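Structure file structure.txt (compact mmCIF, N, CA, C and O atoms) is printed below.
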```
# COMPACT_ATOMS: atom_id res chain seq x y z
N MET A 1 -4.61 -28.87 11.26
CA MET A 1 -5.12 -28.14 10.12
C MET A 1 -5.36 -26.66 10.46
O MET A 1 -5.23 -25.81 9.62
N GLU A 2 -5.69 -26.40 11.72
CA GLU A 2 -5.92 -25.02 12.15
C GLU A 2 -4.68 -24.15 11.98
O GLU A 2 -4.77 -22.93 11.87
N ASP A 3 -3.49 -24.79 11.98
CA ASP A 3 -2.25 -24.03 11.80
C ASP A 3 -2.20 -23.32 10.45
O ASP A 3 -1.50 -22.34 10.29
N PHE A 4 -2.96 -23.82 9.49
CA PHE A 4 -2.93 -23.27 8.14
C PHE A 4 -4.10 -22.35 7.85
O PHE A 4 -4.19 -21.79 6.79
N LYS A 5 -4.99 -22.19 8.81
CA LYS A 5 -6.17 -21.37 8.60
C LYS A 5 -5.78 -19.89 8.50
O LYS A 5 -4.98 -19.40 9.29
N VAL A 6 -6.36 -19.22 7.56
CA VAL A 6 -6.11 -17.79 7.34
C VAL A 6 -7.32 -17.02 7.84
O VAL A 6 -8.46 -17.36 7.51
N SER A 7 -7.07 -15.99 8.62
CA SER A 7 -8.15 -15.12 9.07
C SER A 7 -8.38 -14.07 7.99
O SER A 7 -7.61 -13.11 7.86
N THR A 8 -9.45 -14.26 7.23
CA THR A 8 -9.73 -13.30 6.16
C THR A 8 -10.15 -11.95 6.74
O THR A 8 -9.93 -10.92 6.11
N ILE A 9 -10.70 -11.97 7.95
CA ILE A 9 -11.07 -10.70 8.60
C ILE A 9 -9.79 -9.91 8.91
O ILE A 9 -9.71 -8.71 8.64
N LYS A 10 -8.78 -10.60 9.44
CA LYS A 10 -7.50 -9.95 9.75
C LYS A 10 -6.79 -9.51 8.47
O LYS A 10 -6.22 -8.42 8.40
N LEU A 11 -6.87 -10.35 7.45
CA LEU A 11 -6.27 -10.02 6.16
C LEU A 11 -6.88 -8.74 5.60
O LEU A 11 -6.17 -7.83 5.16
N LYS A 12 -8.20 -8.66 5.65
CA LYS A 12 -8.89 -7.46 5.15
C LYS A 12 -8.52 -6.24 6.00
O LYS A 12 -8.26 -5.16 5.47
N SER A 13 -8.49 -6.42 7.30
CA SER A 13 -8.16 -5.32 8.21
C SER A 13 -6.74 -4.80 7.94
O SER A 13 -6.51 -3.59 7.86
N ASP A 14 -5.79 -5.71 7.81
CA ASP A 14 -4.41 -5.31 7.54
C ASP A 14 -4.30 -4.60 6.19
O ASP A 14 -3.58 -3.60 6.05
N ALA A 15 -5.03 -5.10 5.20
CA ALA A 15 -5.01 -4.48 3.87
C ALA A 15 -5.58 -3.07 3.94
O ALA A 15 -5.05 -2.14 3.31
N GLU A 16 -6.64 -2.88 4.71
CA GLU A 16 -7.23 -1.55 4.83
C GLU A 16 -6.28 -0.58 5.55
O GLU A 16 -6.23 0.60 5.20
N VAL A 17 -5.53 -1.08 6.52
CA VAL A 17 -4.54 -0.24 7.20
C VAL A 17 -3.50 0.23 6.19
O VAL A 17 -3.15 1.42 6.15
N ILE A 18 -3.01 -0.69 5.37
CA ILE A 18 -2.03 -0.33 4.34
C ILE A 18 -2.62 0.70 3.39
O ILE A 18 -1.98 1.71 3.06
N HIS A 19 -3.84 0.47 2.97
CA HIS A 19 -4.50 1.39 2.05
C HIS A 19 -4.67 2.78 2.66
O HIS A 19 -4.43 3.80 1.99
N ASN A 20 -5.04 2.84 3.93
CA ASN A 20 -5.19 4.14 4.59
C ASN A 20 -3.86 4.88 4.68
O ASN A 20 -3.81 6.10 4.49
N TYR A 21 -2.80 4.15 5.00
CA TYR A 21 -1.48 4.79 5.06
C TYR A 21 -1.06 5.30 3.68
O TYR A 21 -0.52 6.41 3.57
N THR A 22 -1.28 4.51 2.65
CA THR A 22 -0.88 4.97 1.31
C THR A 22 -1.69 6.18 0.88
O THR A 22 -1.15 7.09 0.26
N ALA A 23 -2.97 6.20 1.24
CA ALA A 23 -3.80 7.37 0.89
C ALA A 23 -3.28 8.61 1.61
O ALA A 23 -3.21 9.70 1.02
N GLN A 24 -2.89 8.45 2.86
CA GLN A 24 -2.36 9.58 3.63
C GLN A 24 -1.04 10.07 3.02
O GLN A 24 -0.82 11.27 2.87
N ILE A 25 -0.18 9.14 2.65
CA ILE A 25 1.10 9.51 2.04
C ILE A 25 0.87 10.22 0.72
O ILE A 25 1.51 11.24 0.43
N GLU A 26 -0.07 9.72 -0.08
CA GLU A 26 -0.35 10.36 -1.37
C GLU A 26 -0.85 11.80 -1.18
O GLU A 26 -0.49 12.69 -1.96
N ARG A 27 -1.67 12.02 -0.15
CA ARG A 27 -2.14 13.39 0.12
C ARG A 27 -0.95 14.29 0.49
O ARG A 27 -0.88 15.44 0.06
N GLU A 28 -0.03 13.75 1.25
CA GLU A 28 1.13 14.53 1.68
C GLU A 28 2.11 14.79 0.53
O GLU A 28 2.82 15.79 0.54
N LEU A 29 2.15 13.90 -0.44
CA LEU A 29 3.06 14.08 -1.58
C LEU A 29 2.79 15.38 -2.31
O LEU A 29 3.72 16.07 -2.73
N GLY A 30 1.52 15.70 -2.48
CA GLY A 30 1.17 16.96 -3.14
C GLY A 30 1.73 18.16 -2.39
O GLY A 30 2.25 19.10 -3.00
N GLY A 31 1.65 18.12 -1.07
CA GLY A 31 2.19 19.21 -0.26
C GLY A 31 3.69 19.31 -0.38
O GLY A 31 4.25 20.41 -0.42
N LEU A 32 4.36 18.16 -0.43
CA LEU A 32 5.82 18.18 -0.59
C LEU A 32 6.22 18.80 -1.92
O LEU A 32 7.19 19.56 -1.99
N THR A 33 5.50 18.47 -2.95
CA THR A 33 5.79 19.03 -4.27
C THR A 33 5.59 20.55 -4.25
O THR A 33 6.40 21.29 -4.80
N ASP A 34 4.51 20.99 -3.61
CA ASP A 34 4.27 22.44 -3.48
C ASP A 34 5.39 23.10 -2.68
O ASP A 34 5.84 24.20 -3.03
N ASP A 35 5.82 22.45 -1.61
CA ASP A 35 6.91 22.99 -0.79
C ASP A 35 8.19 23.13 -1.60
O ASP A 35 8.91 24.12 -1.47
N LEU A 36 8.48 22.14 -2.43
CA LEU A 36 9.67 22.22 -3.27
C LEU A 36 9.59 23.40 -4.23
O LEU A 36 10.57 24.12 -4.43
N ALA A 37 8.42 23.61 -4.80
CA ALA A 37 8.24 24.75 -5.71
C ALA A 37 8.44 26.06 -4.96
O ALA A 37 9.08 26.99 -5.48
N ASP A 38 7.91 26.14 -3.74
CA ASP A 38 8.09 27.37 -2.94
C ASP A 38 9.57 27.61 -2.63
O ASP A 38 10.06 28.74 -2.74
N ILE A 39 10.27 26.56 -2.24
CA ILE A 39 11.70 26.68 -1.95
C ILE A 39 12.46 27.12 -3.20
O ILE A 39 13.36 27.96 -3.14
N GLY A 40 12.07 26.56 -4.34
CA GLY A 40 12.74 26.90 -5.60
C GLY A 40 12.61 28.36 -5.97
O GLY A 40 13.49 28.92 -6.63
N ARG A 41 11.53 29.00 -5.54
CA ARG A 41 11.34 30.42 -5.86
C ARG A 41 12.23 31.34 -5.01
O ARG A 41 12.51 32.47 -5.41
N ILE A 42 12.65 30.85 -3.85
CA ILE A 42 13.40 31.75 -2.97
C ILE A 42 14.85 31.31 -2.75
O ILE A 42 15.62 32.04 -2.14
N TRP A 43 15.23 30.14 -3.26
CA TRP A 43 16.58 29.63 -3.00
C TRP A 43 17.26 29.33 -4.33
O TRP A 43 16.78 28.50 -5.10
N ASP A 44 18.37 30.00 -4.59
CA ASP A 44 19.14 29.79 -5.81
C ASP A 44 20.52 29.28 -5.44
O ASP A 44 20.93 29.29 -4.29
N GLY A 45 21.24 28.85 -6.44
CA GLY A 45 22.63 28.44 -6.23
C GLY A 45 22.81 26.94 -6.39
O GLY A 45 21.87 26.18 -6.60
N SER A 46 24.09 26.53 -6.31
CA SER A 46 24.42 25.13 -6.54
C SER A 46 23.83 24.22 -5.46
O SER A 46 23.40 23.10 -5.75
N ALA A 47 23.80 24.69 -4.22
CA ALA A 47 23.22 23.88 -3.15
C ALA A 47 21.73 23.65 -3.40
O ALA A 47 21.20 22.58 -3.13
N SER A 48 21.08 24.66 -3.95
CA SER A 48 19.66 24.54 -4.27
C SER A 48 19.43 23.45 -5.32
O SER A 48 18.53 22.62 -5.19
N GLY A 49 20.26 23.46 -6.35
CA GLY A 49 20.14 22.45 -7.40
C GLY A 49 20.38 21.05 -6.88
O GLY A 49 19.66 20.11 -7.23
N THR A 50 21.38 20.90 -6.03
CA THR A 50 21.68 19.60 -5.44
C THR A 50 20.52 19.14 -4.57
O THR A 50 20.10 17.98 -4.62
N PHE A 51 20.01 20.05 -3.74
CA PHE A 51 18.88 19.72 -2.88
C PHE A 51 17.68 19.27 -3.71
O PHE A 51 17.04 18.24 -3.40
N LYS A 52 17.35 20.04 -4.75
CA LYS A 52 16.19 19.71 -5.60
C LYS A 52 16.36 18.35 -6.26
O LYS A 52 15.42 17.56 -6.34
N LYS A 53 17.58 18.05 -6.72
CA LYS A 53 17.84 16.77 -7.37
C LYS A 53 17.62 15.62 -6.39
O LYS A 53 16.92 14.64 -6.70
N ILE A 54 18.20 15.73 -5.21
CA ILE A 54 18.06 14.67 -4.20
C ILE A 54 16.61 14.57 -3.74
O ILE A 54 16.08 13.47 -3.56
N PHE A 55 15.96 15.71 -3.58
CA PHE A 55 14.55 15.72 -3.17
C PHE A 55 13.71 14.97 -4.20
O PHE A 55 12.85 14.15 -3.82
N MET A 56 13.93 15.24 -5.47
CA MET A 56 13.15 14.57 -6.52
C MET A 56 13.44 13.08 -6.55
O MET A 56 12.54 12.27 -6.80
N GLU A 57 14.68 12.69 -6.31
CA GLU A 57 15.00 11.25 -6.25
C GLU A 57 14.25 10.59 -5.10
O GLU A 57 13.70 9.49 -5.25
N ASP A 58 14.25 11.26 -3.95
CA ASP A 58 13.51 10.73 -2.80
C ASP A 58 12.01 10.68 -3.07
O ASP A 58 11.33 9.72 -2.69
N LEU A 59 11.50 11.70 -3.71
CA LEU A 59 10.07 11.74 -4.05
C LEU A 59 9.72 10.61 -5.00
O LEU A 59 8.67 9.96 -4.85
N THR A 60 10.59 10.34 -5.95
CA THR A 60 10.37 9.23 -6.88
C THR A 60 10.37 7.90 -6.14
O THR A 60 9.52 7.04 -6.38
N ALA A 61 11.32 7.73 -5.22
CA ALA A 61 11.38 6.49 -4.43
C ALA A 61 10.13 6.33 -3.57
O ALA A 61 9.58 5.23 -3.45
N LEU A 62 9.67 7.41 -2.98
CA LEU A 62 8.46 7.37 -2.15
C LEU A 62 7.24 7.03 -3.00
O LEU A 62 6.40 6.23 -2.59
N THR A 63 7.16 7.60 -4.17
CA THR A 63 6.04 7.32 -5.07
C THR A 63 6.04 5.84 -5.46
O THR A 63 4.98 5.20 -5.50
N LEU A 64 7.21 5.29 -5.74
CA LEU A 64 7.32 3.86 -6.08
C LEU A 64 6.90 3.00 -4.89
O LEU A 64 6.20 2.00 -5.05
N MET A 65 7.31 3.40 -3.68
CA MET A 65 6.93 2.65 -2.49
C MET A 65 5.41 2.65 -2.32
O MET A 65 4.80 1.61 -2.03
N VAL A 66 4.78 3.80 -2.51
CA VAL A 66 3.32 3.90 -2.40
C VAL A 66 2.66 3.00 -3.44
O VAL A 66 1.69 2.28 -3.15
N PHE A 67 3.17 3.02 -4.65
CA PHE A 67 2.64 2.17 -5.73
C PHE A 67 2.72 0.70 -5.31
O PHE A 67 1.75 -0.06 -5.47
N ASN A 68 3.85 0.28 -4.75
CA ASN A 68 4.01 -1.11 -4.34
C ASN A 68 3.12 -1.47 -3.15
O ASN A 68 2.61 -2.58 -3.07
N MET A 69 2.93 -0.52 -2.24
CA MET A 69 2.02 -0.77 -1.12
C MET A 69 0.59 -0.93 -1.62
O MET A 69 -0.17 -1.75 -1.10
N GLU A 70 0.21 -0.16 -2.61
CA GLU A 70 -1.13 -0.31 -3.19
C GLU A 70 -1.28 -1.66 -3.88
O GLU A 70 -2.34 -2.27 -3.86
N LYS A 71 -0.20 -2.16 -4.49
CA LYS A 71 -0.24 -3.49 -5.09
C LYS A 71 -0.47 -4.55 -4.01
O LYS A 71 -1.22 -5.50 -4.21
N ILE A 72 0.16 -4.37 -2.84
CA ILE A 72 -0.05 -5.29 -1.72
C ILE A 72 -1.50 -5.24 -1.28
O ILE A 72 -2.13 -6.28 -1.03
N PHE A 73 -2.07 -4.04 -1.20
CA PHE A 73 -3.47 -3.87 -0.83
C PHE A 73 -4.38 -4.62 -1.80
O PHE A 73 -5.27 -5.37 -1.38
N ARG A 74 -4.16 -4.43 -3.09
CA ARG A 74 -5.00 -5.11 -4.08
C ARG A 74 -4.83 -6.62 -4.02
O ARG A 74 -5.79 -7.38 -4.10
N TYR A 75 -3.58 -7.08 -3.85
CA TYR A 75 -3.32 -8.51 -3.76
C TYR A 75 -4.00 -9.12 -2.53
O TYR A 75 -4.57 -10.21 -2.61
N ALA A 76 -3.99 -8.40 -1.41
CA ALA A 76 -4.64 -8.90 -0.20
C ALA A 76 -6.14 -9.07 -0.43
O ALA A 76 -6.74 -10.03 0.07
N GLY A 77 -6.73 -8.16 -1.16
CA GLY A 77 -8.17 -8.27 -1.49
C GLY A 77 -8.45 -9.50 -2.34
O GLY A 77 -9.42 -10.23 -2.11
N ILE A 78 -7.58 -9.75 -3.30
CA ILE A 78 -7.73 -10.94 -4.15
C ILE A 78 -7.53 -12.20 -3.32
O ILE A 78 -8.30 -13.16 -3.42
N ALA A 79 -6.50 -12.19 -2.46
CA ALA A 79 -6.22 -13.35 -1.61
C ALA A 79 -7.40 -13.63 -0.69
O ALA A 79 -7.80 -14.79 -0.51
N LYS A 80 -7.98 -12.59 -0.11
CA LYS A 80 -9.13 -12.75 0.78
C LYS A 80 -10.26 -13.46 0.04
O LYS A 80 -10.85 -14.42 0.55
N SER A 81 -10.56 -12.99 -1.15
CA SER A 81 -11.64 -13.59 -1.94
C SER A 81 -11.35 -15.06 -2.26
O SER A 81 -12.23 -15.91 -2.16
N LYS A 82 -10.11 -15.34 -2.61
CA LYS A 82 -9.75 -16.72 -2.95
C LYS A 82 -9.80 -17.64 -1.73
O LYS A 82 -10.26 -18.78 -1.82
N TYR A 83 -9.34 -17.15 -0.57
CA TYR A 83 -9.42 -17.94 0.65
C TYR A 83 -10.88 -18.24 1.00
O TYR A 83 -11.23 -19.36 1.36
N GLU A 84 -11.72 -17.23 0.91
CA GLU A 84 -13.13 -17.43 1.24
C GLU A 84 -13.79 -18.39 0.27
O GLU A 84 -14.59 -19.24 0.68
N LYS A 85 -13.46 -18.30 -1.00
CA LYS A 85 -14.01 -19.21 -2.00
C LYS A 85 -13.55 -20.64 -1.71
O LYS A 85 -14.35 -21.58 -1.76
N CYS A 86 -12.29 -20.80 -1.36
CA CYS A 86 -11.75 -22.12 -1.05
C CYS A 86 -12.42 -22.68 0.21
O CYS A 86 -12.81 -23.86 0.23
N GLU A 87 -12.55 -21.86 1.24
CA GLU A 87 -13.20 -22.31 2.47
C GLU A 87 -14.63 -22.74 2.21
O GLU A 87 -15.10 -23.75 2.75
N SER A 88 -15.33 -22.01 1.38
CA SER A 88 -16.71 -22.35 1.03
C SER A 88 -16.76 -23.68 0.28
O SER A 88 -17.62 -24.53 0.54
N HIS A 89 -15.82 -23.85 -0.63
CA HIS A 89 -15.77 -25.09 -1.41
C HIS A 89 -15.48 -26.28 -0.50
O HIS A 89 -16.14 -27.33 -0.61
N VAL A 90 -14.52 -26.14 0.39
CA VAL A 90 -14.17 -27.22 1.32
C VAL A 90 -15.36 -27.54 2.22
O VAL A 90 -15.68 -28.71 2.46
N ALA A 91 -16.03 -26.51 2.71
CA ALA A 91 -17.21 -26.72 3.56
C ALA A 91 -18.29 -27.48 2.79
O ALA A 91 -18.95 -28.36 3.33
N GLY A 92 -18.45 -27.16 1.50
CA GLY A 92 -19.42 -27.86 0.66
C GLY A 92 -19.05 -29.32 0.47
O GLY A 92 -19.91 -30.21 0.52
N VAL A 93 -17.78 -29.57 0.24
CA VAL A 93 -17.31 -30.97 0.05
C VAL A 93 -17.54 -31.76 1.34
O VAL A 93 -18.04 -32.90 1.31
N ILE A 94 -17.21 -31.16 2.48
CA ILE A 94 -17.41 -31.86 3.75
C ILE A 94 -18.89 -32.10 4.01
O ILE A 94 -19.29 -33.19 4.44
N SER A 95 -19.71 -31.13 3.67
CA SER A 95 -21.15 -31.27 3.86
C SER A 95 -21.69 -32.39 2.98
O SER A 95 -22.55 -33.16 3.40
N ASP A 96 -21.21 -32.48 1.74
CA ASP A 96 -21.64 -33.54 0.83
C ASP A 96 -21.23 -34.91 1.31
O ASP A 96 -21.90 -35.91 1.04
N MET A 97 -20.12 -34.99 2.03
CA MET A 97 -19.63 -36.27 2.50
C MET A 97 -20.45 -36.78 3.69
O MET A 97 -20.47 -37.97 3.96
N LYS A 98 -21.13 -35.90 4.37
CA LYS A 98 -21.91 -36.29 5.55
C LYS A 98 -23.16 -36.93 5.11
O LYS A 98 -23.87 -37.49 4.81
```
Can I see the file as structure tokens?
Amino acid sequence: MEDFKVSTIKLKSDAEVIHNYTAQIERELGGLTDDLADIGRIWDGSASGTFKKIFMEDLTALTLMVFNMEKIFRYAGIAKSKYEKCESHVAGVISDMK
């Protein structure tokens, strides 16, 4: 039965690591957007337009990745709560049987 035991402490820790990384990435996204605006003011031409288009596509993909990582963080919090509730219930059932 121990093979199926979930460490809610580890689950919470891993979720917090994910959350910290996503928060760091979100802070950096603002800087990237500012950098793109700065580049746009000094760089003209077809290569500039192509670069900006690809940059925005990458920025959109990164934003979606951050959104999905935050969903994982929230899900891990819910899973932690459910595991703990289940463990408490099982402990209560075993205690009642004694």
For this session: Kindly give the distance, in Å, that separates atom O of Leu59 (chain A) and atom N of Lys12 (chain A), rounded to a single decimal.
Result: 27.2 Å
For this session: Would you mind listing what lies within 7 Å of region 62-76 of chain A as a PyMOL selection string, with only N, CA, C and O atoms counted and same-chain residues fewer than 2 positions away left out?
Result: chain A and resi 8+11-12+14-16+18-19+22+56-60+78-82
Can you spit out the residues from that selection as a PDB file, in the frame of the given file, using N, CA, C and O atoms?
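Everything below was put into part00.pdb:
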```pdb
ATOM      1  N   THR A   8      -9.450 -14.260   7.230  1.00  0.00           N
ATOM      2  CA  THR A   8      -9.730 -13.300   6.160  1.00  0.00           C
ATOM      3  C   THR A   8     -10.150 -11.950   6.740  1.00  0.00           C
ATOM      4  O   THR A   8      -9.930 -10.920   6.110  1.00  0.00           O
ATOM      5  N   LEU A  11      -6.870 -10.350   7.450  1.00  0.00           N
ATOM      6  CA  LEU A  11      -6.270 -10.020   6.160  1.00  0.00           C
ATOM      7  C   LEU A  11      -6.880  -8.740   5.600  1.00  0.00           C
ATOM      8  O   LEU A  11      -6.170  -7.830   5.160  1.00  0.00           O
ATOM      9  N   LYS A  12      -8.200  -8.660   5.650  1.00  0.00           N
ATOM     10  CA  LYS A  12      -8.890  -7.460   5.150  1.00  0.00           C
ATOM     11  C   LYS A  12      -8.520  -6.240   6.000  1.00  0.00           C
ATOM     12  O   LYS A  12      -8.260  -5.160   5.470  1.00  0.00           O
ATOM     13  N   ASP A  14      -5.790  -5.710   7.810  1.00  0.00           N
ATOM     14  CA  ASP A  14      -4.410  -5.310   7.540  1.00  0.00           C
ATOM     15  C   ASP A  14      -4.300  -4.600   6.190  1.00  0.00           C
ATOM     16  O   ASP A  14      -3.580  -3.600   6.050  1.00  0.00           O
ATOM     17  N   ALA A  15      -5.030  -5.100   5.200  1.00  0.00           N
ATOM     18  CA  ALA A  15      -5.010  -4.480   3.870  1.00  0.00           C
ATOM     19  C   ALA A  15      -5.580  -3.070   3.940  1.00  0.00           C
ATOM     20  O   ALA A  15      -5.050  -2.140   3.310  1.00  0.00           O
ATOM     21  N   GLU A  16      -6.640  -2.880   4.710  1.00  0.00           N
ATOM     22  CA  GLU A  16      -7.230  -1.550   4.830  1.00  0.00           C
ATOM     23  C   GLU A  16      -6.280  -0.580   5.550  1.00  0.00           C
ATOM     24  O   GLU A  16      -6.230   0.600   5.200  1.00  0.00           O
ATOM     25  N   ILE A  18      -3.010  -0.690   5.370  1.00  0.00           N
ATOM     26  CA  ILE A  18      -2.030  -0.330   4.340  1.00  0.00           C
ATOM     27  C   ILE A  18      -2.620   0.700   3.390  1.00  0.00           C
ATOM     28  O   ILE A  18      -1.980   1.710   3.060  1.00  0.00           O
ATOM     29  N   HIS A  19      -3.840   0.470   2.970  1.00  0.00           N
ATOM     30  CA  HIS A  19      -4.500   1.390   2.050  1.00  0.00           C
ATOM     31  C   HIS A  19      -4.670   2.780   2.660  1.00  0.00           C
ATOM     32  O   HIS A  19      -4.430   3.800   1.990  1.00  0.00           O
ATOM     33  N   THR A  22      -1.280   4.510   2.650  1.00  0.00           N
ATOM     34  CA  THR A  22      -0.880   4.970   1.310  1.00  0.00           C
ATOM     35  C   THR A  22      -1.690   6.180   0.880  1.00  0.00           C
ATOM     36  O   THR A  22      -1.150   7.090   0.260  1.00  0.00           O
ATOM     37  N   MET A  56      13.930  15.240  -5.470  1.00  0.00           N
ATOM     38  CA  MET A  56      13.150  14.570  -6.520  1.00  0.00           C
ATOM     39  C   MET A  56      13.440  13.080  -6.550  1.00  0.00           C
ATOM     40  O   MET A  56      12.540  12.270  -6.800  1.00  0.00           O
ATOM     41  N   GLU A  57      14.680  12.690  -6.310  1.00  0.00           N
ATOM     42  CA  GLU A  57      15.000  11.250  -6.250  1.00  0.00           C
ATOM     43  C   GLU A  57      14.250  10.590  -5.100  1.00  0.00           C
ATOM     44  O   GLU A  57      13.700   9.490  -5.250  1.00  0.00           O
ATOM     45  N   ASP A  58      14.250  11.260  -3.950  1.00  0.00           N
ATOM     46  CA  ASP A  58      13.510  10.730  -2.800  1.00  0.00           C
ATOM     47  C   ASP A  58      12.010  10.680  -3.070  1.00  0.00           C
ATOM     48  O   ASP A  58      11.330   9.720  -2.690  1.00  0.00           O
ATOM     49  N   LEU A  59      11.500  11.700  -3.710  1.00  0.00           N
ATOM     50  CA  LEU A  59      10.070  11.740  -4.050  1.00  0.00           C
ATOM     51  C   LEU A  59       9.720  10.610  -5.000  1.00  0.00           C
ATOM     52  O   LEU A  59       8.670   9.960  -4.850  1.00  0.00           O
ATOM     53  N   THR A  60      10.590  10.340  -5.950  1.00  0.00           N
ATOM     54  CA  THR A  60      10.370   9.230  -6.880  1.00  0.00           C
ATOM     55  C   THR A  60      10.370   7.900  -6.140  1.00  0.00           C
ATOM     56  O   THR A  60       9.520   7.040  -6.380  1.00  0.00           O
ATOM     57  N   ILE A  78      -7.580  -9.750  -3.300  1.00  0.00           N
ATOM     58  CA  ILE A  78      -7.730 -10.940  -4.150  1.00  0.00           C
ATOM     59  C   ILE A  78      -7.530 -12.200  -3.320  1.00  0.00           C
ATOM     60  O   ILE A  78      -8.300 -13.160  -3.420  1.00  0.00           O
ATOM     61  N   ALA A  79      -6.500 -12.190  -2.460  1.00  0.00           N
ATOM     62  CA  ALA A  79      -6.220 -13.350  -1.610  1.00  0.00           C
ATOM     63  C   ALA A  79      -7.400 -13.630  -0.690  1.00  0.00           C
ATOM     64  O   ALA A  79      -7.800 -14.790  -0.510  1.00  0.00           O
ATOM     65  N   LYS A  80      -7.980 -12.590  -0.110  1.00  0.00           N
ATOM     66  CA  LYS A  80      -9.130 -12.750   0.780  1.00  0.00           C
ATOM     67  C   LYS A  80     -10.260 -13.460   0.040  1.00  0.00           C
ATOM     68  O   LYS A  80     -10.850 -14.420   0.550  1.00  0.00           O
ATOM     69  N   SER A  81     -10.560 -12.990  -1.150  1.00  0.00           N
ATOM     70  CA  SER A  81     -11.640 -13.590  -1.940  1.00  0.00           C
ATOM     71  C   SER A  81     -11.350 -15.060  -2.260  1.00  0.00           C
ATOM     72  O   SER A  81     -12.230 -15.910  -2.160  1.00  0.00           O
ATOM     73  N   LYS A  82     -10.110 -15.340  -2.610  1.00  0.00           N
ATOM     74  CA  LYS A  82      -9.750 -16.720  -2.950  1.00  0.00           C
ATOM     75  C   LYS A  82      -9.800 -17.640  -1.730  1.00  0.00           C
ATOM     76  O   LYS A  82     -10.260 -18.780  -1.820  1.00  0.00           O
TER      77      LYS A  82
END
```
Exercise. With all atoms listed in the file as the atoms that count, which of A:Lys52, A:Ser95, A:His89, A:Tyr83 lies nearest to Val6 (chain A)?
Worked result: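 Among the listed residues, A:Tyr83 lies closest to Val6 (chain A).
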Exercise. Of the residues A:Phe55, A:Ala61, A:Asp96, A:Ile25, which is the one nearest to Ile39 (chain A), using only C-alpha atoms?
Worked result: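 Closest residue, counting only C-alpha atoms: A:Phe55.
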Problem set entry | Distance of atom N of Asn20 (chain A) from atom C of Leu32 (chain A), expressed in Å to one decimal place |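 About the pair atom C of Leu32 (chain A) and atom N of Asn20 (chain A): they are 20.4 Å apart.
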